[in-house]
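Q: Here it is: the structure, laid out below.
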Amino acid sequence: GSSLKLPYVIHYVRSHVTLQRIIMRVFISWSGDRSKALAGALSTWLEQVVQAVEPWLSVDMAKGTRWSPEIAARLEESSIGLICLTPENLSAPWILFEAGALSKTKDALICTFLLGLDPSDVPQPLGQFQHTLAEKDDVKKLIQAINDRVTGSGGKMLSEKALNSVFETYWPSLEKELSQIAGSSIGKEPKQRTQREMLQEVLQLLRAQERNREGLEGLLRNPYLATGATAFGTPTGAVTHPEEPQTGLLGIAQEKGTAQKFGLPMPPSSKGE
């Protein structure tokens with residue numbers, strides 16, 4: 001047949017071929033409630049600032065999807081990995097697993113995002129990655145690095161002017177969320193007391209117990225209680241030493257368990273124990 005003319009071919013291609021927008025995938029790793037909240041905030045914010053990226057975290061998986069294959073595929077596809085670290089998940093197995101998998105991804109940019117942490121707080125192997133603090137200047141450097149990577153992935157990066165404008169527009173919303181997550185009690189573990197603190201508490205209890213015991217003994221030996229002691233079956237002067245069997249005030253205290261509380265001797269039981 002006759003050959004097609006070039007203008008017709010160009011018109012046909014433009015009419016029937018849809019050019020797909022090139023997306024750069026960002027894998028966001030998290031473990032624990034606060035880390036999850038941080039990952040969600042970063043995911044939403046990144047899409048607003050750099051629209052050429054597609055953030056992904058494990059909560060985005062469809063129900064019924066097999067866990068490991070889906071995550072493995074996302075890890076392999078991602079050009080950037082963000083690891084959301086909080087004081088609670090520095091040694092979380094899942095964080096370490098995903099960080100290790102990300103480090104094996106060729107030419108991937110891997111950063112930790114620290115909330116409530118300083119770089120010096122991060123142990124190895126997580127300490128080998130570039131750290132981003134939850135502060136405006138550091139987050140801006142991260143966004144600039146991500147924007148630079150867009151071109152390398154075949155996408156169109158934002159100009160410096162456009163990026164600065166978008167960043168300044170959306171930073172206040174992220175800053176507010178970061179502050180709320182940092183101050184939230186979700187996922188926080190109770191503070192572990194040091195051995196010194198526990199020993200000090202034991203010492204204080206022992207001292208209080210000794211004071212109470214001395215106070216009780218002094219009360220029982222008070223001469224003004226001598227006449228009252230007979231009302232409980234104890235002759236005047238019968239209260240002598242805490243180790244002797246008592247039938248008056250001290251005996252009553254022992255029977256009620258008060259003597260045990262203050263470290264005083266307990267009377268023999270009726271079973272001869």
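Going through the structure tokens in order, the chains are called A, B, and so on, while each chain numbers its residues from 1 and the ligands are numbered from 1 in the order shown.
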Env of region 82-94 of chain A: 6 Å cut, atoms = only C-alpha atoms, seq-sep filter 4 positions within chain, self excluded. Answer as a ChimeraX atom specification.

A: /A:28-30,35,111-115

Q: Any chance you can output those residues with N, CA and C atoms as a compact mmCIF listing (two decimals), in the first residue's frame?

A:
# COMPACT_ATOMS: atom_id res chain seq x y z
N ILE A 28 8.64 4.63 53.16
CA ILE A 28 8.71 5.18 54.52
C ILE A 28 8.59 4.03 55.52
N SER A 29 9.64 3.83 56.30
CA SER A 29 9.68 2.74 57.26
C SER A 29 9.30 3.25 58.65
N TRP A 30 8.52 2.45 59.39
CA TRP A 30 8.08 2.84 60.72
C TRP A 30 7.89 1.61 61.58
N SER A 35 5.96 6.41 65.71
CA SER A 35 6.65 6.32 64.43
C SER A 35 5.65 6.22 63.28
N CYS A 111 17.64 7.93 54.40
CA CYS A 111 17.79 8.88 55.50
C CYS A 111 16.94 8.43 56.68
N THR A 112 17.40 8.74 57.87
CA THR A 112 16.55 8.57 59.05
C THR A 112 15.90 9.91 59.36
N PHE A 113 14.70 9.86 59.89
CA PHE A 113 14.00 11.07 60.33
C PHE A 113 13.83 10.93 61.83
N LEU A 114 14.50 11.81 62.59
CA LEU A 114 14.57 11.67 64.04
C LEU A 114 13.54 12.54 64.74
N LEU A 115 12.74 11.92 65.59
CA LEU A 115 11.77 12.65 66.41
C LEU A 115 12.07 12.35 67.87

Q: Going by DSSP on the backbone, which residues of region 67-181 of chain A come out as alpha helix (DSSP H)? List them as a PyMOL selection string.

A: chain A and resi 67-77+93-103+136-152+160-181

Q: Kindly indicate which residue among A:Gln209, A:Gln195, A:Asn147, A:Ser68 lies nearest to Val50 (chain A), using only C-alpha atoms for the distances.

A: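 Of A:Gln209, A:Gln195, A:Asn147, A:Ser68, the one nearest Val50 (chain A), counting only C-alpha atoms, is A:Asn147.
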
Q: If you count only C-alpha atoms, which residues fall within 12 Å of Glu135 (chain A), apart from same-chain ones fewer than 2 positions away, as a ChimeraX atom specification?

A: /A:113-118,131-133,137-142,171-172,174-176,178-179

Q: Any idea what the distance is between CA of Leu57 (chain A) and CA of Asn164 (chain A)?

A: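 Going from CA of Leu57 (chain A) over to CA of Asn164 (chain A) covers 26.1 Å.
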
Q: Which polymer residues have any atom within 12 Å of an atom of Ser159 (chain A), counting only C-alpha atoms, with same-chain residues fewer than 6 positions away left out, as a PDB file with all heavy atoms, in the first residue's frame?

A:
ATOM      1  N   VAL A  50       6.402  17.929  46.939  1.00  0.00           N
ATOM      2  CA  VAL A  50       7.035  17.432  45.702  1.00  0.00           C
ATOM      3  C   VAL A  50       6.072  16.442  45.059  1.00  0.00           C
ATOM      4  O   VAL A  50       6.055  15.264  45.403  1.00  0.00           O
ATOM      5  CB  VAL A  50       8.392  16.756  45.991  1.00  0.00           C
ATOM      6  CG1 VAL A  50       9.066  16.355  44.676  1.00  0.00           C
ATOM      7  CG2 VAL A  50       9.304  17.675  46.791  1.00  0.00           C
ATOM      8  N   GLN A 144      15.161  19.240  49.462  1.00  0.00           N
ATOM      9  CA  GLN A 144      16.029  19.593  48.341  1.00  0.00           C
ATOM     10  C   GLN A 144      16.712  18.363  47.766  1.00  0.00           C
ATOM     11  O   GLN A 144      16.828  18.211  46.543  1.00  0.00           O
ATOM     12  CB  GLN A 144      17.070  20.623  48.793  1.00  0.00           C
ATOM     13  CG  GLN A 144      16.480  22.001  49.068  1.00  0.00           C
ATOM     14  CD  GLN A 144      17.463  22.945  49.735  1.00  0.00           C
ATOM     15  OE1 GLN A 144      18.415  22.523  50.400  1.00  0.00           O
ATOM     16  NE2 GLN A 144      17.226  24.253  49.596  1.00  0.00           N
ATOM     17  N   ASN A 147      14.090  16.417  45.832  1.00  0.00           N
ATOM     18  CA  ASN A 147      13.795  17.105  44.571  1.00  0.00           C
ATOM     19  C   ASN A 147      14.903  16.891  43.545  1.00  0.00           C
ATOM     20  O   ASN A 147      14.638  16.704  42.351  1.00  0.00           O
ATOM     21  CB  ASN A 147      13.602  18.597  44.840  1.00  0.00           C
ATOM     22  CG  ASN A 147      13.106  19.351  43.622  1.00  0.00           C
ATOM     23  OD1 ASN A 147      12.123  18.971  42.991  1.00  0.00           O
ATOM     24  ND2 ASN A 147      13.791  20.440  43.281  1.00  0.00           N
ATOM     25  N   ASP A 148      16.154  16.887  44.010  1.00  0.00           N
ATOM     26  CA  ASP A 148      17.276  16.645  43.098  1.00  0.00           C
ATOM     27  C   ASP A 148      17.225  15.244  42.502  1.00  0.00           C
ATOM     28  O   ASP A 148      17.651  15.021  41.361  1.00  0.00           O
ATOM     29  CB  ASP A 148      18.608  16.842  43.829  1.00  0.00           C
ATOM     30  CG  ASP A 148      18.866  18.299  44.195  1.00  0.00           C
ATOM     31  OD1 ASP A 148      18.220  19.180  43.593  1.00  0.00           O
ATOM     32  OD2 ASP A 148      19.701  18.556  45.082  1.00  0.00           O
ATOM     33  N   VAL A 150      14.604  13.609  41.692  1.00  0.00           N
ATOM     34  CA  VAL A 150      13.514  13.466  40.715  1.00  0.00           C
ATOM     35  C   VAL A 150      14.055  13.447  39.296  1.00  0.00           C
ATOM     36  O   VAL A 150      13.652  12.629  38.464  1.00  0.00           O
ATOM     37  CB  VAL A 150      12.487  14.603  40.899  1.00  0.00           C
ATOM     38  CG1 VAL A 150      11.470  14.588  39.761  1.00  0.00           C
ATOM     39  CG2 VAL A 150      11.780  14.466  42.243  1.00  0.00           C
ATOM     40  N   THR A 151      14.987  14.333  38.998  1.00  0.00           N
ATOM     41  CA  THR A 151      15.565  14.397  37.653  1.00  0.00           C
ATOM     42  C   THR A 151      16.280  13.103  37.315  1.00  0.00           C
ATOM     43  O   THR A 151      16.165  12.576  36.194  1.00  0.00           O
ATOM     44  CB  THR A 151      16.554  15.573  37.539  1.00  0.00           C
ATOM     45  OG1 THR A 151      15.852  16.787  37.834  1.00  0.00           O
ATOM     46  CG2 THR A 151      17.133  15.663  36.145  1.00  0.00           C
ATOM     47  N   SER A 165       9.105  28.268  47.582  1.00  0.00           N
ATOM     48  CA  SER A 165       7.760  28.803  47.776  1.00  0.00           C
ATOM     49  C   SER A 165       6.814  27.738  48.339  1.00  0.00           C
ATOM     50  O   SER A 165       6.064  27.990  49.289  1.00  0.00           O
ATOM     51  CB  SER A 165       7.213  29.339  46.451  1.00  0.00           C
ATOM     52  OG  SER A 165       5.875  29.782  46.597  1.00  0.00           O
ATOM     53  N   VAL A 166       6.866  26.544  47.747  1.00  0.00           N
ATOM     54  CA  VAL A 166       5.990  25.455  48.194  1.00  0.00           C
ATOM     55  C   VAL A 166       6.357  25.025  49.615  1.00  0.00           C
ATOM     56  O   VAL A 166       5.484  24.767  50.450  1.00  0.00           O
ATOM     57  CB  VAL A 166       6.086  24.257  47.227  1.00  0.00           C
ATOM     58  CG1 VAL A 166       5.281  23.080  47.757  1.00  0.00           C
ATOM     59  CG2 VAL A 166       5.574  24.647  45.847  1.00  0.00           C
ATOM     60  N   PHE A 167       7.655  24.962  49.889  1.00  0.00           N
ATOM     61  CA  PHE A 167       8.106  24.554  51.219  1.00  0.00           C
ATOM     62  C   PHE A 167       7.603  25.528  52.287  1.00  0.00           C
ATOM     63  O   PHE A 167       7.094  25.108  53.326  1.00  0.00           O
ATOM     64  CB  PHE A 167       9.635  24.476  51.254  1.00  0.00           C
ATOM     65  CG  PHE A 167      10.184  24.085  52.602  1.00  0.00           C
ATOM     66  CD1 PHE A 167      10.271  22.749  52.965  1.00  0.00           C
ATOM     67  CD2 PHE A 167      10.598  25.052  53.512  1.00  0.00           C
ATOM     68  CE1 PHE A 167      10.759  22.382  54.212  1.00  0.00           C
ATOM     69  CE2 PHE A 167      11.090  24.698  54.760  1.00  0.00           C
ATOM     70  CZ  PHE A 167      11.166  23.359  55.114  1.00  0.00           C
TER      71      PHE A 167
END

Q: Tell me which of A:Ile110, A:Ala145, A:Leu163, A:Ala41 sits closest to Ser79 (chain A), counting only C-alpha atoms.

A: A:Ile110

Q: Write out as a ChimeraX atom specification which residues come within 12 Å of Ser173 (chain A) when counting only C-alpha atoms, dropping same-chain ones fewer than 6 positions away.

A: /A:41-42,44-46,48-49,136,167,179-180

Q: Using N, CA, C and O atoms, can you write the selected residues to a file as an mmCIF file, in the first residue's frame?

A:
data_model
loop_
_atom_site.group_PDB
_atom_site.id
_atom_site.type_symbol
_atom_site.label_atom_id
_atom_site.label_comp_id
_atom_site.auth_asym_id
_atom_site.auth_seq_id
_atom_site.Cartn_x
_atom_site.Cartn_y
_atom_site.Cartn_z
ATOM 1 N N ALA A 41 2.264 11.513 58.642
ATOM 2 C CA ALA A 41 2.376 12.964 58.449
ATOM 3 C C ALA A 41 3.358 13.285 57.326
ATOM 4 O O ALA A 41 3.098 14.158 56.479
ATOM 5 N N LEU A 42 4.487 12.591 57.303
ATOM 6 C CA LEU A 42 5.493 12.833 56.249
ATOM 7 C C LEU A 42 4.969 12.429 54.878
ATOM 8 O O LEU A 42 5.226 13.107 53.880
ATOM 9 N N THR A 44 1.835 12.384 53.698
ATOM 10 C CA THR A 44 0.883 13.393 53.190
ATOM 11 C C THR A 44 1.605 14.670 52.793
ATOM 12 O O THR A 44 1.324 15.261 51.738
ATOM 13 N N TRP A 45 2.532 15.095 53.613
ATOM 14 C CA TRP A 45 3.233 16.352 53.377
ATOM 15 C C TRP A 45 4.132 16.281 52.146
ATOM 16 O O TRP A 45 4.203 17.242 51.360
ATOM 17 N N LEU A 46 4.815 15.157 51.958
ATOM 18 C CA LEU A 46 5.716 15.016 50.799
ATOM 19 C C LEU A 46 4.954 15.123 49.490
ATOM 20 O O LEU A 46 5.433 15.743 48.533
ATOM 21 N N GLN A 48 2.361 16.833 48.921
ATOM 22 C CA GLN A 48 1.966 18.219 48.713
ATOM 23 C C GLN A 48 3.141 19.068 48.216
ATOM 24 O O GLN A 48 2.960 19.958 47.380
ATOM 25 N N VAL A 49 4.329 18.790 48.720
ATOM 26 C CA VAL A 49 5.491 19.630 48.405
ATOM 27 C C VAL A 49 6.153 19.220 47.096
ATOM 28 O O VAL A 49 6.460 20.069 46.252
ATOM 29 N N LYS A 136 13.135 22.842 60.861
ATOM 30 C CA LYS A 136 12.865 23.438 59.551
ATOM 31 C C LYS A 136 14.063 23.360 58.606
ATOM 32 O O LYS A 136 13.927 22.905 57.456
ATOM 33 N N PHE A 167 7.655 24.962 49.889
ATOM 34 C CA PHE A 167 8.106 24.554 51.219
ATOM 35 C C PHE A 167 7.603 25.528 52.287
ATOM 36 O O PHE A 167 7.094 25.108 53.326
ATOM 37 N N SER A 179 5.139 18.646 66.216
ATOM 38 C CA SER A 179 5.070 19.074 67.615
ATOM 39 C C SER A 179 4.031 18.261 68.385
ATOM 40 O O SER A 179 4.266 17.849 69.527
ATOM 41 N N GLN A 180 2.892 18.025 67.761
ATOM 42 C CA GLN A 180 1.832 17.258 68.411
ATOM 43 C C GLN A 180 2.255 15.811 68.640
ATOM 44 O O GLN A 180 2.005 15.234 69.708
#
